[in-house]
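Asks: The structure file query_29.cif (mmCIF, C-alpha atoms) is provided below.
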data_my_file
loop_
_atom_site.label_atom_id
_atom_site.label_comp_id
_atom_site.auth_asym_id
_atom_site.auth_seq_id
_atom_site.Cartn_x
_atom_site.Cartn_y
_atom_site.Cartn_z
CA MET X 1 -25.76 -13.38 45.73
CA ASN X 2 -26.80 -10.09 47.11
CA LEU X 3 -24.94 -7.71 44.93
CA SER X 4 -24.22 -4.18 45.92
CA PHE X 5 -23.18 -1.61 43.39
CA PHE X 6 -19.57 -1.87 44.47
CA ASP X 7 -19.14 -5.53 43.79
CA GLN X 8 -18.49 -5.19 40.10
CA PHE X 9 -15.62 -2.78 40.78
CA ALA X 10 -14.04 -4.83 43.54
CA SER X 11 -10.89 -6.62 42.50
CA PRO X 12 -11.85 -10.29 42.53
CA HIS X 13 -10.49 -12.62 45.17
CA LEU X 14 -11.08 -16.31 45.65
CA LEU X 15 -10.29 -17.65 49.10
CA GLY X 16 -7.90 -14.77 49.56
CA ILE X 17 -6.08 -15.36 46.29
CA PRO X 18 -6.20 -12.28 44.07
CA LEU X 19 -7.53 -13.14 40.66
CA ILE X 20 -6.73 -9.81 39.05
CA LEU X 21 -3.88 -11.28 37.02
CA ILE X 22 -6.08 -13.99 35.54
CA SER X 23 -8.80 -11.49 34.75
CA MET X 24 -6.30 -9.28 32.91
CA LEU X 25 -4.72 -12.13 30.99
CA PHE X 26 -7.91 -14.03 30.18
CA PRO X 27 -8.78 -12.06 27.02
CA ALA X 28 -5.54 -13.32 25.49
CA LEU X 29 -6.99 -16.82 25.59
CA LEU X 30 -9.80 -15.77 23.31
CA ILE X 31 -7.46 -14.78 20.49
CA PRO X 32 -6.47 -17.83 18.42
CA THR X 33 -2.77 -18.20 17.76
CA PRO X 34 -1.93 -17.93 14.08
CA ASN X 35 -0.85 -21.27 12.71
CA ASN X 36 1.33 -21.84 9.70
CA ARG X 37 -1.45 -22.40 7.21
CA TRP X 38 -1.75 -20.19 4.21
CA ILE X 39 -5.54 -20.18 4.07
CA THR X 40 -6.85 -20.16 7.64
CA ASN X 41 -10.31 -20.58 9.03
CA ARG X 42 -12.67 -17.62 9.20
CA LEU X 43 -11.81 -16.57 12.73
CA SER X 44 -8.06 -16.47 12.08
CA THR X 45 -8.59 -14.64 8.79
CA LEU X 46 -10.75 -12.00 10.44
CA GLN X 47 -8.32 -11.66 13.30
CA SER X 48 -5.36 -11.19 10.95
CA TRP X 49 -7.34 -8.66 8.95
CA LEU X 50 -8.26 -6.73 12.10
CA PHE X 51 -4.69 -6.62 13.40
CA ASN X 52 -3.35 -5.51 10.03
CA PHE X 53 -6.02 -2.84 9.82
CA ILE X 54 -5.25 -1.49 13.28
CA THR X 55 -1.50 -1.51 12.76
CA LYS X 56 -1.80 0.23 9.41
CA GLN X 57 -4.06 2.92 10.87
CA LEU X 58 -1.68 3.56 13.72
CA MET X 59 1.53 3.50 11.72
CA ILE X 60 0.55 5.63 8.74
CA PRO X 61 1.24 9.01 10.40
CA LEU X 62 4.50 7.82 11.93
CA ASP X 63 7.84 7.65 10.16
CA LYS X 64 10.22 4.70 10.21
CA LYS X 65 11.50 5.26 13.73
CA GLY X 66 7.98 5.15 15.07
CA HIS X 67 7.42 1.69 13.64
CA LYS X 68 9.25 0.27 16.61
CA TRP X 69 6.09 1.06 18.56
CA ALA X 70 3.85 -0.98 16.25
CA LEU X 71 3.76 -4.12 18.38
CA ILE X 72 3.07 -2.47 21.70
CA LEU X 73 0.40 -0.13 20.35
CA THR X 74 -1.47 -2.85 18.49
CA SER X 75 -1.29 -5.17 21.48
CA LEU X 76 -2.53 -2.38 23.69
CA THR X 77 -5.47 -1.70 21.40
CA ILE X 78 -6.50 -5.33 21.26
CA MET X 79 -6.14 -5.76 25.00
CA LEU X 80 -8.23 -2.71 25.83
CA LEU X 81 -10.81 -3.62 23.22
CA THR X 82 -11.28 -7.15 24.50
CA ILE X 83 -11.22 -6.17 28.17
CA ASN X 84 -13.77 -3.43 27.65
CA LEU X 85 -16.12 -5.54 25.55
CA LEU X 86 -15.90 -8.55 27.86
CA GLY X 87 -16.73 -6.30 30.78
CA LEU X 88 -20.18 -5.72 29.36
CA LEU X 89 -21.16 -9.31 30.02
CA PRO X 90 -22.99 -9.92 33.29
CA TYR X 91 -21.08 -10.82 36.45
CA THR X 92 -17.74 -9.93 34.88
CA PHE X 93 -15.03 -7.82 36.32
CA THR X 94 -13.51 -5.16 34.06
CA PRO X 95 -9.89 -4.48 34.95
CA THR X 96 -9.94 -1.15 33.15
CA THR X 97 -12.33 0.23 35.74
CA GLN X 98 -9.42 0.22 38.16
CA LEU X 99 -7.52 3.49 38.13
CA SER X 100 -4.39 1.63 39.19
CA MET X 101 -4.31 -0.43 36.01
CA ASN X 102 -5.03 2.48 33.69
CA MET X 103 -2.43 4.70 35.28
CA ALA X 104 0.03 1.80 35.09
CA LEU X 105 -0.65 1.67 31.34
CA ALA X 106 -0.78 5.38 30.64
CA PHE X 107 2.05 6.76 32.72
CA PRO X 108 4.99 4.65 31.46
CA LEU X 109 3.90 4.86 27.83
CA TRP X 110 3.45 8.64 27.99
CA LEU X 111 6.76 8.99 29.80
CA ALA X 112 8.41 6.88 27.08
CA THR X 113 7.17 9.24 24.39
CA LEU X 114 8.32 12.26 26.36
CA LEU X 115 11.79 10.87 27.06
CA THR X 116 12.18 9.75 23.44
CA GLY X 117 11.49 13.29 22.33
CA LEU X 118 13.81 14.83 24.89
CA ARG X 119 16.59 12.39 24.13
CA TYR X 120 16.67 12.57 20.32
CA GLN X 121 15.35 16.02 19.56
CA PRO X 122 15.34 18.06 22.77
CA SER X 123 14.87 21.50 21.24
CA ALA X 124 12.03 20.37 19.01
CA SER X 125 10.36 18.67 21.96
CA LEU X 126 10.65 21.74 24.11
CA GLY X 127 9.59 23.82 21.15
CA HIS X 128 6.21 22.14 21.23
CA LEU X 129 5.59 24.01 24.44
CA LEU X 130 5.14 27.24 22.53
CA PRO X 131 2.65 27.26 19.67
CA GLU X 132 3.60 29.26 16.61
CA GLY X 133 2.51 32.80 16.23
CA THR X 134 1.90 33.78 19.82
CA PRO X 135 2.32 37.43 20.71
CA ALA X 136 5.51 38.05 22.65
CA ILE X 137 3.76 39.24 25.73
CA LEU X 138 1.95 35.94 26.24
CA ILE X 139 5.04 33.73 26.00
CA PRO X 140 5.70 33.15 29.73
CA VAL X 141 2.07 32.41 30.48
CA LEU X 142 1.75 30.12 27.53
CA ILE X 143 4.87 28.16 28.48
CA LEU X 144 3.40 27.52 31.90
CA ILE X 145 0.06 26.50 30.46
CA GLU X 146 1.60 24.17 27.90
CA THR X 147 3.84 22.58 30.53
CA THR X 148 0.84 21.94 32.72
CA SER X 149 -1.01 20.49 29.76
CA LEU X 150 1.95 18.25 29.02
CA LEU X 151 2.33 17.00 32.58
CA ILE X 152 -1.36 16.31 32.98
CA ARG X 153 -1.50 14.02 29.91
CA PRO X 154 -0.88 10.70 31.71
CA LEU X 155 -3.41 11.60 34.33
CA ALA X 156 -5.92 12.47 31.63
CA LEU X 157 -5.28 9.26 29.72
CA GLY X 158 -5.74 7.06 32.76
CA VAL X 159 -8.65 8.87 34.28
CA ARG X 160 -10.48 9.17 30.96
CA LEU X 161 -10.52 5.43 30.48
CA THR X 162 -11.38 4.69 34.10
CA ALA X 163 -14.15 7.26 34.33
CA ASN X 164 -15.80 6.32 31.05
CA LEU X 165 -15.96 2.64 31.83
CA THR X 166 -16.85 2.99 35.49
CA ALA X 167 -19.59 5.47 34.74
CA GLY X 168 -21.02 3.31 32.01
CA HIS X 169 -21.07 0.19 34.10
CA LEU X 170 -22.55 2.00 37.04
CA LEU X 171 -25.30 3.44 34.89
CA ILE X 172 -26.14 0.00 33.58
CA GLN X 173 -26.33 -1.34 37.12
CA LEU X 174 -28.51 1.52 38.35
CA ILE X 175 -30.96 1.40 35.49
CA SER X 176 -31.19 -2.38 35.77
CA THR X 177 -31.98 -1.95 39.45
CA ALA X 178 -34.68 0.53 38.52
CA VAL X 179 -36.14 -1.95 36.06
CA THR X 180 -36.09 -4.75 38.62
CA ALA X 181 -37.64 -2.60 41.29
CA LEU X 182 -40.35 -1.17 39.04
CA LEU X 183 -41.33 -4.51 37.51
CA PRO X 184 -43.87 -5.56 40.16
CA ILE X 185 -45.09 -2.01 40.75
CA MET X 186 -45.45 -0.25 37.42
CA PRO X 187 -44.73 -2.69 34.57
CA THR X 188 -45.22 -0.08 31.84
CA ILE X 189 -42.58 2.22 33.30
CA SER X 190 -40.41 -0.81 33.74
CA ILE X 191 -40.67 -1.57 30.04
CA LEU X 192 -39.81 2.01 29.16
CA THR X 193 -36.83 1.81 31.40
CA THR X 194 -35.84 -1.43 29.69
CA ILE X 195 -35.80 0.43 26.39
CA ILE X 196 -33.53 3.01 27.96
CA LEU X 197 -31.33 0.20 29.17
CA LEU X 198 -31.18 -1.24 25.67
CA LEU X 199 -30.04 2.03 24.21
CA LEU X 200 -27.56 2.46 27.01
CA THR X 201 -26.11 -0.97 26.35
CA ILE X 202 -25.60 -0.13 22.71
CA LEU X 203 -23.92 3.10 23.79
CA GLU X 204 -21.71 1.20 26.18
CA ILE X 205 -20.56 -1.16 23.46
CA ALA X 206 -19.65 1.83 21.35
CA VAL X 207 -17.94 3.55 24.28
CA ALA X 208 -15.94 0.43 25.06
CA MET X 209 -14.51 0.33 21.56
CA ILE X 210 -14.07 4.08 21.25
CA GLN X 211 -12.24 4.45 24.53
CA ALA X 212 -9.74 1.79 23.62
CA TYR X 213 -9.18 3.48 20.30
CA VAL X 214 -8.87 6.95 21.81
CA PHE X 215 -6.32 5.81 24.35
CA VAL X 216 -4.03 4.37 21.75
CA LEU X 217 -4.66 7.19 19.30
CA LEU X 218 -3.62 9.83 21.79
CA LEU X 219 -0.50 7.87 22.63
CA SER X 220 0.37 7.67 18.95
CA LEU X 221 -0.20 11.42 18.64
CA TYR X 222 2.15 12.10 21.51
CA LEU X 223 4.58 9.81 19.79
CA GLN X 224 4.31 11.66 16.49
CA GLU X 225 5.22 14.89 18.20
CA ASN X 226 8.26 13.47 19.84
CA ILE X 227 9.70 10.79 17.58
CA VAL G 1 -15.78 -32.39 13.37
CA LEU G 2 -12.22 -31.34 13.89
CA HIS G 3 -11.13 -33.92 16.39
CA SER G 4 -12.12 -36.84 14.23
CA THR G 5 -10.46 -35.55 11.08
CA ARG G 6 -7.13 -34.95 12.75
CA SER G 7 -4.94 -38.02 12.52
CA LEU G 8 -2.41 -37.94 15.32
CA HIS G 9 0.80 -39.93 15.38
CA THR G 10 0.30 -41.62 12.04
CA ALA G 11 3.35 -40.24 10.25
CA GLN G 12 6.61 -38.46 10.96
CA GLN G 13 6.29 -34.87 12.08
CA HIS G 14 6.28 -32.50 9.15
CA TRP G 15 5.38 -28.85 8.72
CA ALA G 16 3.87 -29.30 5.28
CA PRO G 17 1.49 -30.36 3.91
CA VAL G 18 -0.82 -29.32 6.72
CA PRO G 19 -3.82 -31.55 7.34
CA PRO G 20 -6.86 -30.08 5.63
CA LEU G 21 -9.41 -28.05 7.55
CA PRO G 22 -12.83 -29.68 7.83
CA GLU G 23 -15.46 -28.34 5.44
CA LYS G 24 -17.87 -27.13 8.10
CA GLY G 25 -17.58 -26.39 11.78
CA GLY G 26 -19.18 -28.52 14.43
CA GLU G 27 -22.96 -28.66 14.41
CA VAL G 28 -24.53 -26.64 17.21
CA ARG G 29 -28.09 -26.19 18.23
CA HIS G 30 -29.27 -22.78 19.36
CA GLY G 31 -25.81 -21.45 18.64
CA LEU G 32 -24.37 -22.79 21.88
CA ILE G 33 -24.96 -26.47 22.54
CA PRO G 34 -23.20 -29.02 20.36
CA GLU G 35 -25.32 -31.51 18.52
CA GLU G 36 -23.37 -34.34 20.08
CA PHE G 37 -24.98 -33.56 23.44
CA PHE G 38 -28.45 -34.14 22.00
CA GLN G 39 -27.28 -37.29 20.29
CA PHE G 40 -25.76 -38.46 23.58
CA LEU G 41 -29.07 -38.13 25.43
CA TYR G 42 -31.28 -39.32 22.61
CA PRO G 43 -31.15 -43.09 23.30
CA LYS G 44 -32.27 -42.73 26.87
CA THR G 45 -34.52 -39.68 26.89
CA GLY G 46 -35.63 -39.13 23.32
CA VAL G 47 -35.94 -35.80 21.57
CA THR G 48 -37.23 -33.74 24.49
CA GLY G 49 -34.63 -35.03 26.96
CA PRO G 50 -32.07 -32.20 26.81
CA TYR G 51 -34.79 -29.56 26.91
CA MET G 52 -36.33 -31.12 30.01
CA LEU G 53 -32.91 -31.26 31.58
CA GLY G 54 -32.30 -27.60 30.80
CA THR G 55 -35.66 -26.42 32.05
CA GLY G 56 -35.42 -28.49 35.21
CA LEU G 57 -31.94 -27.23 35.95
CA LEU G 58 -33.02 -23.64 35.44
CA LEU G 59 -36.08 -23.97 37.65
CA TYR G 60 -34.01 -25.69 40.32
CA LEU G 61 -31.48 -22.90 40.36
CA LEU G 62 -34.20 -20.25 40.48
CA SER G 63 -36.44 -21.86 43.05
CA LYS G 64 -33.66 -22.71 45.47
CA GLU G 65 -32.27 -19.21 44.96
CA ILE G 66 -28.94 -20.66 44.01
CA TYR G 67 -29.15 -18.12 41.23
CA VAL G 68 -30.64 -14.94 42.68
CA ILE G 69 -32.52 -12.65 40.34
CA ASN G 70 -31.04 -9.24 40.82
CA HIS G 71 -30.26 -6.22 38.71
CA GLU G 72 -27.54 -8.10 36.85
CA THR G 73 -30.17 -10.43 35.43
CA VAL G 74 -31.84 -7.58 33.62
CA ALA G 75 -28.48 -6.28 32.42
CA ALA G 76 -27.61 -9.79 31.26
CA ALA G 77 -30.86 -10.10 29.35
CA THR G 78 -30.25 -6.78 27.62
CA ILE G 79 -26.69 -7.44 26.58
CA LEU G 80 -27.50 -10.96 25.44
CA SER G 81 -30.39 -9.75 23.32
CA VAL G 82 -28.12 -7.13 21.73
CA ILE G 83 -25.44 -9.74 21.02
CA ILE G 84 -27.92 -12.24 19.56
CA TYR G 85 -29.50 -9.56 17.40
CA CYS G 86 -26.10 -8.48 16.03
CA ILE G 87 -25.06 -12.06 15.31
CA LYS G 88 -28.29 -12.88 13.55
CA LYS G 89 -28.20 -9.75 11.47
CA TYR G 90 -24.51 -9.46 10.54
CA GLY G 91 -23.25 -13.00 10.97
CA ALA G 92 -23.65 -14.07 7.36
CA ASP G 93 -22.07 -10.85 6.10
CA VAL G 94 -19.03 -11.22 8.32
CA ALA G 95 -18.60 -14.83 7.22
CA ALA G 96 -18.87 -13.80 3.57
CA PHE G 97 -16.26 -11.08 4.18
CA ALA G 98 -13.86 -13.58 5.71
CA ASP G 99 -14.43 -15.94 2.78
CA LYS G 100 -13.83 -13.09 0.37
CA LEU G 101 -10.49 -12.29 2.02
CA ASN G 102 -9.38 -15.89 1.60
CA GLU G 103 -10.68 -15.99 -1.96
CA GLU G 104 -8.68 -12.90 -2.84
CA LYS G 105 -5.55 -14.49 -1.42
CA VAL G 106 -6.06 -17.62 -3.51
CA ALA G 107 -6.99 -15.57 -6.56
CA THR G 108 -3.78 -13.57 -6.37
CA ALA G 109 -1.72 -16.74 -6.27
CA LEU G 110 -3.73 -18.23 -9.14
CA THR G 111 -3.21 -15.07 -11.16
CA VAL G 112 0.54 -15.40 -10.71
CA LYS G 113 0.40 -19.00 -11.83
CA ASN G 114 -1.78 -18.26 -14.87
CA GLU G 115 0.36 -15.33 -15.89
CA ALA G 116 3.45 -17.52 -15.75
CA ILE G 117 1.75 -20.20 -17.83
CA LYS G 118 0.62 -17.66 -20.41
CA TYR G 119 4.07 -16.17 -20.61
CA LEU G 120 5.63 -19.56 -21.14
CA GLU G 121 3.06 -20.44 -23.81
CA THR G 122 3.82 -17.22 -25.69
CA ALA G 123 7.51 -18.07 -25.42
CA ILE G 124 6.81 -21.48 -26.98
CA GLU G 125 4.94 -19.84 -29.85
CA GLU G 126 7.78 -17.43 -30.43
CA GLU G 127 10.27 -20.29 -30.43
CA LYS G 128 8.24 -22.20 -33.04
CA LYS G 129 8.18 -19.12 -35.21
CA GLU G 130 11.92 -18.78 -34.92
CA GLN G 131 12.33 -22.39 -35.99
CA TRP G 132 10.19 -21.73 -39.05
CA ARG G 133 12.30 -18.69 -39.82
CA VAL G 134 15.43 -20.78 -39.74
CA GLU G 135 14.19 -22.71 -42.80
CA GLY G 136 14.32 -19.60 -44.90
CA ARG G 137 17.91 -18.94 -43.95
CA SER G 138 19.32 -19.70 -47.42
CA TYR G 139 17.18 -17.06 -49.11
CA LEU G 140 18.29 -14.57 -46.56
CA PHE G 141 21.93 -15.35 -47.14
CA ASP G 142 21.52 -15.16 -50.95
CA ALA G 143 19.94 -11.77 -50.67
CA LYS G 144 22.73 -10.65 -48.39
CA ARG G 145 25.33 -12.00 -50.76
CA ASN G 146 23.74 -10.14 -53.70
CA ASN G 147 23.68 -7.04 -51.63
CA VAL G 148 27.36 -7.29 -50.82
CA ALA G 149 28.24 -8.03 -54.47
CA MET G 150 26.31 -4.98 -55.57
CA LEU G 151 28.07 -2.84 -53.06
CA LEU G 152 31.45 -4.09 -54.19
CA GLU G 153 30.54 -3.51 -57.85
CA ALA G 154 29.37 0.00 -57.13
CA ASN G 155 32.51 0.75 -55.21
CA TYR G 156 34.71 -0.62 -58.00
CA ARG G 157 32.93 1.46 -60.61
CA GLU G 158 33.22 4.52 -58.50
CA ARG G 159 36.94 4.02 -58.16
CA LEU G 160 37.24 3.44 -61.89
CA LEU G 161 35.47 6.72 -62.55
CA ARG G 162 37.82 8.48 -60.18
CA VAL G 163 40.86 7.07 -61.93
CA TYR G 164 39.49 8.16 -65.31
CA ASN G 165 38.83 11.65 -64.01
CA GLU G 166 42.26 11.96 -62.56
CA VAL G 167 43.95 10.85 -65.78
CA LYS G 168 41.75 13.19 -67.80
CA LYS G 169 42.72 16.04 -65.51
CA ARG G 170 46.38 15.43 -66.08
CA LEU G 171 45.95 15.20 -69.87
CA ASP G 172 43.87 18.34 -69.92
CA TYR G 173 46.61 20.07 -68.09
CA GLN G 174 49.17 19.11 -70.68
CA VAL G 175 46.86 20.22 -73.49
CA ALA G 176 46.21 23.53 -71.78
CA LEU G 177 49.93 23.98 -71.29
CA GLN G 178 50.65 23.46 -74.98
CA THR G 179 47.81 25.78 -76.03
CA LEU G 180 49.10 28.44 -73.74
CA LYS G 181 52.61 28.11 -75.12
CA ARG G 182 51.38 28.36 -78.73
CA GLN G 183 49.29 31.39 -77.84
CA LYS G 184 52.16 33.10 -76.16
CA GLU G 185 54.43 32.44 -79.14
CA GLN G 186 51.85 33.87 -81.55
CA ASP G 187 51.31 36.95 -79.42
CA HIS G 188 54.96 37.56 -79.11
CA MET G 189 55.53 37.21 -82.83
CA ILE G 190 52.64 39.58 -83.64
CA GLN G 191 54.00 42.13 -81.28
CA TRP G 192 57.46 41.83 -82.71
CA VAL G 193 56.16 42.26 -86.22
CA GLU G 194 54.05 45.26 -85.25
CA ARG G 195 56.92 46.84 -83.38
CA ASN G 196 59.24 46.43 -86.32
CA VAL G 197 56.70 47.75 -88.78
CA VAL G 198 56.00 50.79 -86.67
CA GLN G 199 59.72 51.39 -86.32
CA SER G 200 60.25 51.08 -90.02
CA ILE G 201 57.77 53.82 -90.84
CA THR G 202 60.04 56.89 -91.54
CA PRO G 203 58.62 60.37 -91.16
CA GLN G 204 58.83 60.87 -94.99
CA GLN G 205 56.76 57.78 -95.60
CA GLN G 206 54.34 58.94 -92.91
CA LYS G 207 53.79 62.28 -94.66
CA GLU G 208 53.33 60.63 -97.99
CA SER G 209 50.81 58.10 -96.65
CA ILE G 210 48.80 60.85 -94.87
CA ALA G 211 48.67 62.97 -98.12
CA LYS G 212 47.54 59.91 -100.06
CA CYS G 213 44.89 59.20 -97.53
CA ILE G 214 43.61 62.75 -97.83
CA LEU G 215 43.50 62.48 -101.64
CA ASP G 216 41.67 59.17 -101.35
CA LEU G 217 39.18 60.65 -98.97
CA LYS G 218 38.51 63.61 -101.27
CA ALA G 219 37.98 61.27 -104.15
CA LEU G 220 35.64 59.14 -102.09
CA SER G 221 33.76 62.13 -100.88
CA LYS G 222 33.15 63.23 -104.42
CA SER G 223 31.67 59.85 -105.34
CA ALA G 224 29.76 59.26 -102.14
CA GLN G 225 26.68 61.30 -101.55
CA ALA G 226 25.73 61.93 -97.98
CA ALA G 227 22.64 60.01 -97.06
CA VAL G 228 20.19 62.50 -95.74
#
Spit out the file's structure as structure tokens when you get a sec.
Replies:
Amino acid sequence: MNLSFFDQFASPHLLGIPLILISMLFPALLIPTPNNRWITNRLSTLQSWLFNFITKQLMIPLDKKGHKWALILTSLTIMLLTINLLGLLPYTFTPTTQLSMNMALAFPLWLATLLTGLRYQPSASLGHLLPEGTPAILIPVLILIETTSLLIRPLALGVRLTANLTAGHLLIQLISTAVTALLPIMPTISILTTIILLLLTILEIAVAMIQAYVFVLLLSLYLQENI
Amino acid sequence: VLHSTRSLHTAQQHWAPVPPLPEKGGEVRHGLIPEEFFQFLYPKTGVTGPYMLGTGLLLYLLSKEIYVINHETVAAATILSVIIYCIKKYGADVAAFADKLNEEKVATALTVKNEAIKYLETAIEEEKKEQWRVEGRSYLFDAKRNNVAMLLEANYRERLLRVYNEVKKRLDYQVALQTLKRQKEQDHMIQWVERNVVQSITPQQQKESIAKCILDLKALSKSAQAAV
């Protein structure tokens, strides 16, 4: 396979059949279904512990009405976490590098928080557009700025995830290419570059987990404002 | 191994009790390849068989360029080394953590059971004590009976005293009444006598008595010396 740098970001096709759906749903296969035992094996115990931990963290700042969002936010966290981490393996395709997928996740969820706020507490929701204690002369400007900031949130959510993961993967590819190219020429520099690659990989693992967390955290923050 | 410990279709379907989990997971060599694969090849190729197979396969793929070495190979090597390092370093800790979570679950249930047993045992002790107490019932009732008798006695005596006081009050009243009547009669008589006596003193008698008194006084004054 002669790989170019674009191949890892190309939506996979096999004989013309798009495989994007399988690649998005595959991480769900790696999560064991909870069975009806009381004491489960180690993997199921750790998985249950992780899900409880995530749900608790997300639901603590929200009141009772926000607990309706528990399932979707936890599922979203786990999906993004697994997709991001699996994308670090070689020859894998990461669906979250596609702007289309991230916008499809961010936009409806953000819109849901906004409409929830406007439907159940419209004046409080609109009141968020003006921070407390602004001088009277700045009010019109600040309203415009806050509205812009509000409307750009879905774009920011989607693009943040896409850009972080795409940039990370691209960097890994480029530095690996440098290592491969330098190996016959200057082995010492190649080894130094390998060390850089090692550090970068560790960073990418961290970024993968952090970006998933940040995405869901910001959504929960928008929810707190509006619920 | 799991598949040999599971007995399928031997009994009716039931949710509980669940079949037990095997003690250990399947044996793997090098973290990836199950031991059964080595056992499968052992009769024909001995101990080194699977390793020869692996090496040959790898060299075949590399030499025929079925697997091309490109930049992804280096990336693969890096990520795999990071993963293997993390597993080797933190694997035991994570397993111990999972075991601890399960242990805590079991320990909580055991605590509930032990607490219930202790509570019931204390209840049995208390019941035995109550049964022992029942034997001393008669003494308790005697004491209570004495108590009640004493109370009745005290009440009776108190009432007796009240009756006595009431009767005494009435008799005292009669006595006081009679005394008062006698006194009044005496006073009245004395007054009547005095009134009559005073009335009976005529002026002539008065003059005579005053002159006699003066004579008496003079006589006394002659005999009596003034004490200086």
Asks: Measuring atom to atom with all atoms listed in the file, identify which of X:Thr166, X:Gln211, X:Thr74, X:Asn41 is nearest to chain G.
Replies: X:Asn41
Asks: When the PyMOL selection byres ((chain X) within 7 of (chain G)) is applied to the file above, which residues end up in the set, as a PyMOL selection string?
Replies: chain X and resi 1+37+39+42+45-46+89-90+172-173+176-177+180+198+201
Asks: One decimal, Å: what's the distance from CA of Pro184 in chain X over to CA of Ile84 in chain G, could you say?
Replies: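 Taking CA of Pro184 in chain X as the start and CA of Ile84 in chain G as the end point, the length is 26.9 Å.
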Asks: List the spatial neighbours of Gln98 in chain X as a VMD selection string - criterion: any atom at most 8 Å away, only C-alpha atoms, same-chain residues fewer than 3 positions off excluded.
Replies: chain X and resid 9 94 to 95 101 to 102 162
Asks: Using all atoms listed in the file, find all polymer residues with an atom at most 12 Å away from the point (9.9, 18.2, 34.4); report them as number ranges by chain.
Replies: X: 111, 114-115, 118, 126, 144, 147-148, 150-152
Asks: Have a look at CA of Leu80 in chain X and CA of Thr96 in chain X and let me know their distance in Å, one decimal.
Replies: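 Between CA of Leu80 in chain X and CA of Thr96 in chain X the gap works out to 7.7 Å.
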Asks: Starting from the shown file, work through the PyMOL selection byres ((chain X and resi 72) around 12) and note down what comes out as a list in words.
Replies: Ile54, Thr55, Leu58, Met59, Gly66, His67, Lys68, Trp69, Ala70, Leu71, Leu73, Thr74, Ser75, Leu76, Thr77, Ile78, Met79, Leu105, Leu109, Val216, Leu219 and Ser220 of chain X
Asks: What gap, in Å, lies between CA of Asn226 in chain X and CA of Leu157 in chain X?
Replies: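 These atoms are spaced 17.3 Å apart.
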Asks: So which one's closest to Arg153 in chain X, X:Ala136, X:Met186, X:Leu221, X:Ile22? Using only C-alpha atoms, please.
Replies: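 That would be X:Leu221, the residue with the smallest distance to Arg153 in chain X.
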Asks: List every protein, DNA or RNA residue with an atom no more than 12 Å from (-40.8, -1.0, 34.4) in the file's coordinates, counting only C-alpha atoms, and format the result as a list of chain:residue names.
Replies: X:Ile175, X:Ser176, X:Thr177, X:Ala178, X:Val179, X:Thr180, X:Ala181, X:Leu182, X:Leu183, X:Pro184, X:Ile185, X:Met186, X:Pro187, X:Thr188, X:Ile189, X:Ser190, X:Ile191, X:Leu192, X:Thr193, X:Thr194, X:Ile195, X:Ile196, X:Leu197, G:Val74
Asks: Would you compute an axis-aligned box for range 101-116 of chain G, covering every atom listed for it in the file with 6 Å of margin on each side, and report centre and edge lengths in Å to one decimal as lines of an AutoDock Vina configuration file?
Replies:
center_x = -3.6
center_y = -15.6
center_z = -6.9
size_x = 26.1
size_y = 18.7
size_z = 29.9
Asks: My list of candidates is X:Ala112, X:Ala106, X:Ile210, X:Ile17. Which is closest to Asn164 in chain X when distances are computed with all atoms listed in the file?
Replies: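 Under the stated criterion, the closest residue is X:Ile210.
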Asks: What lies within 12 Å of Gly133 in chain X using all atoms listed in the file, ignoring chain neighbours under 5 positions off, as a VMD selection string?
Replies: chain X and resid 138 to 139 142
Asks: I need range 63-68 of chain X written out with N, CA, C and O atoms, as a PDB file, in the first residue's frame; please produce it.
Replies:
ATOM      1  N   ASP X  63     -29.702  19.789  37.952  1.00  0.00           N
ATOM      2  CA  ASP X  63     -30.782  19.439  38.865  1.00  0.00           C
ATOM      3  C   ASP X  63     -31.587  18.304  38.248  1.00  0.00           C
ATOM      4  O   ASP X  63     -31.191  17.720  37.246  1.00  0.00           O
ATOM      5  N   LYS X  64     -32.752  18.020  38.841  1.00  0.00           N
ATOM      6  CA  LYS X  64     -33.464  16.792  38.484  1.00  0.00           C
ATOM      7  C   LYS X  64     -33.882  16.771  37.026  1.00  0.00           C
ATOM      8  O   LYS X  64     -33.894  15.734  36.379  1.00  0.00           O
ATOM      9  N   LYS X  65     -34.255  17.963  36.493  1.00  0.00           N
ATOM     10  CA  LYS X  65     -34.717  17.952  35.099  1.00  0.00           C
ATOM     11  C   LYS X  65     -33.585  17.577  34.155  1.00  0.00           C
ATOM     12  O   LYS X  65     -33.816  16.997  33.100  1.00  0.00           O
ATOM     13  N   GLY X  66     -32.365  17.949  34.557  1.00  0.00           N
ATOM     14  CA  GLY X  66     -31.242  17.654  33.674  1.00  0.00           C
ATOM     15  C   GLY X  66     -30.895  16.184  33.626  1.00  0.00           C
ATOM     16  O   GLY X  66     -30.160  15.740  32.752  1.00  0.00           O
ATOM     17  N   HIS X  67     -31.411  15.406  34.593  1.00  0.00           N
ATOM     18  CA  HIS X  67     -31.041  13.996  34.619  1.00  0.00           C
ATOM     19  C   HIS X  67     -31.639  13.223  33.461  1.00  0.00           C
ATOM     20  O   HIS X  67     -31.248  12.083  33.220  1.00  0.00           O
ATOM     21  N   LYS X  68     -32.576  13.856  32.738  1.00  0.00           N
ATOM     22  CA  LYS X  68     -33.047  13.188  31.526  1.00  0.00           C
ATOM     23  C   LYS X  68     -31.931  13.033  30.506  1.00  0.00           C
ATOM     24  O   LYS X  68     -32.008  12.183  29.630  1.00  0.00           O
TER      25      LYS X  68
END
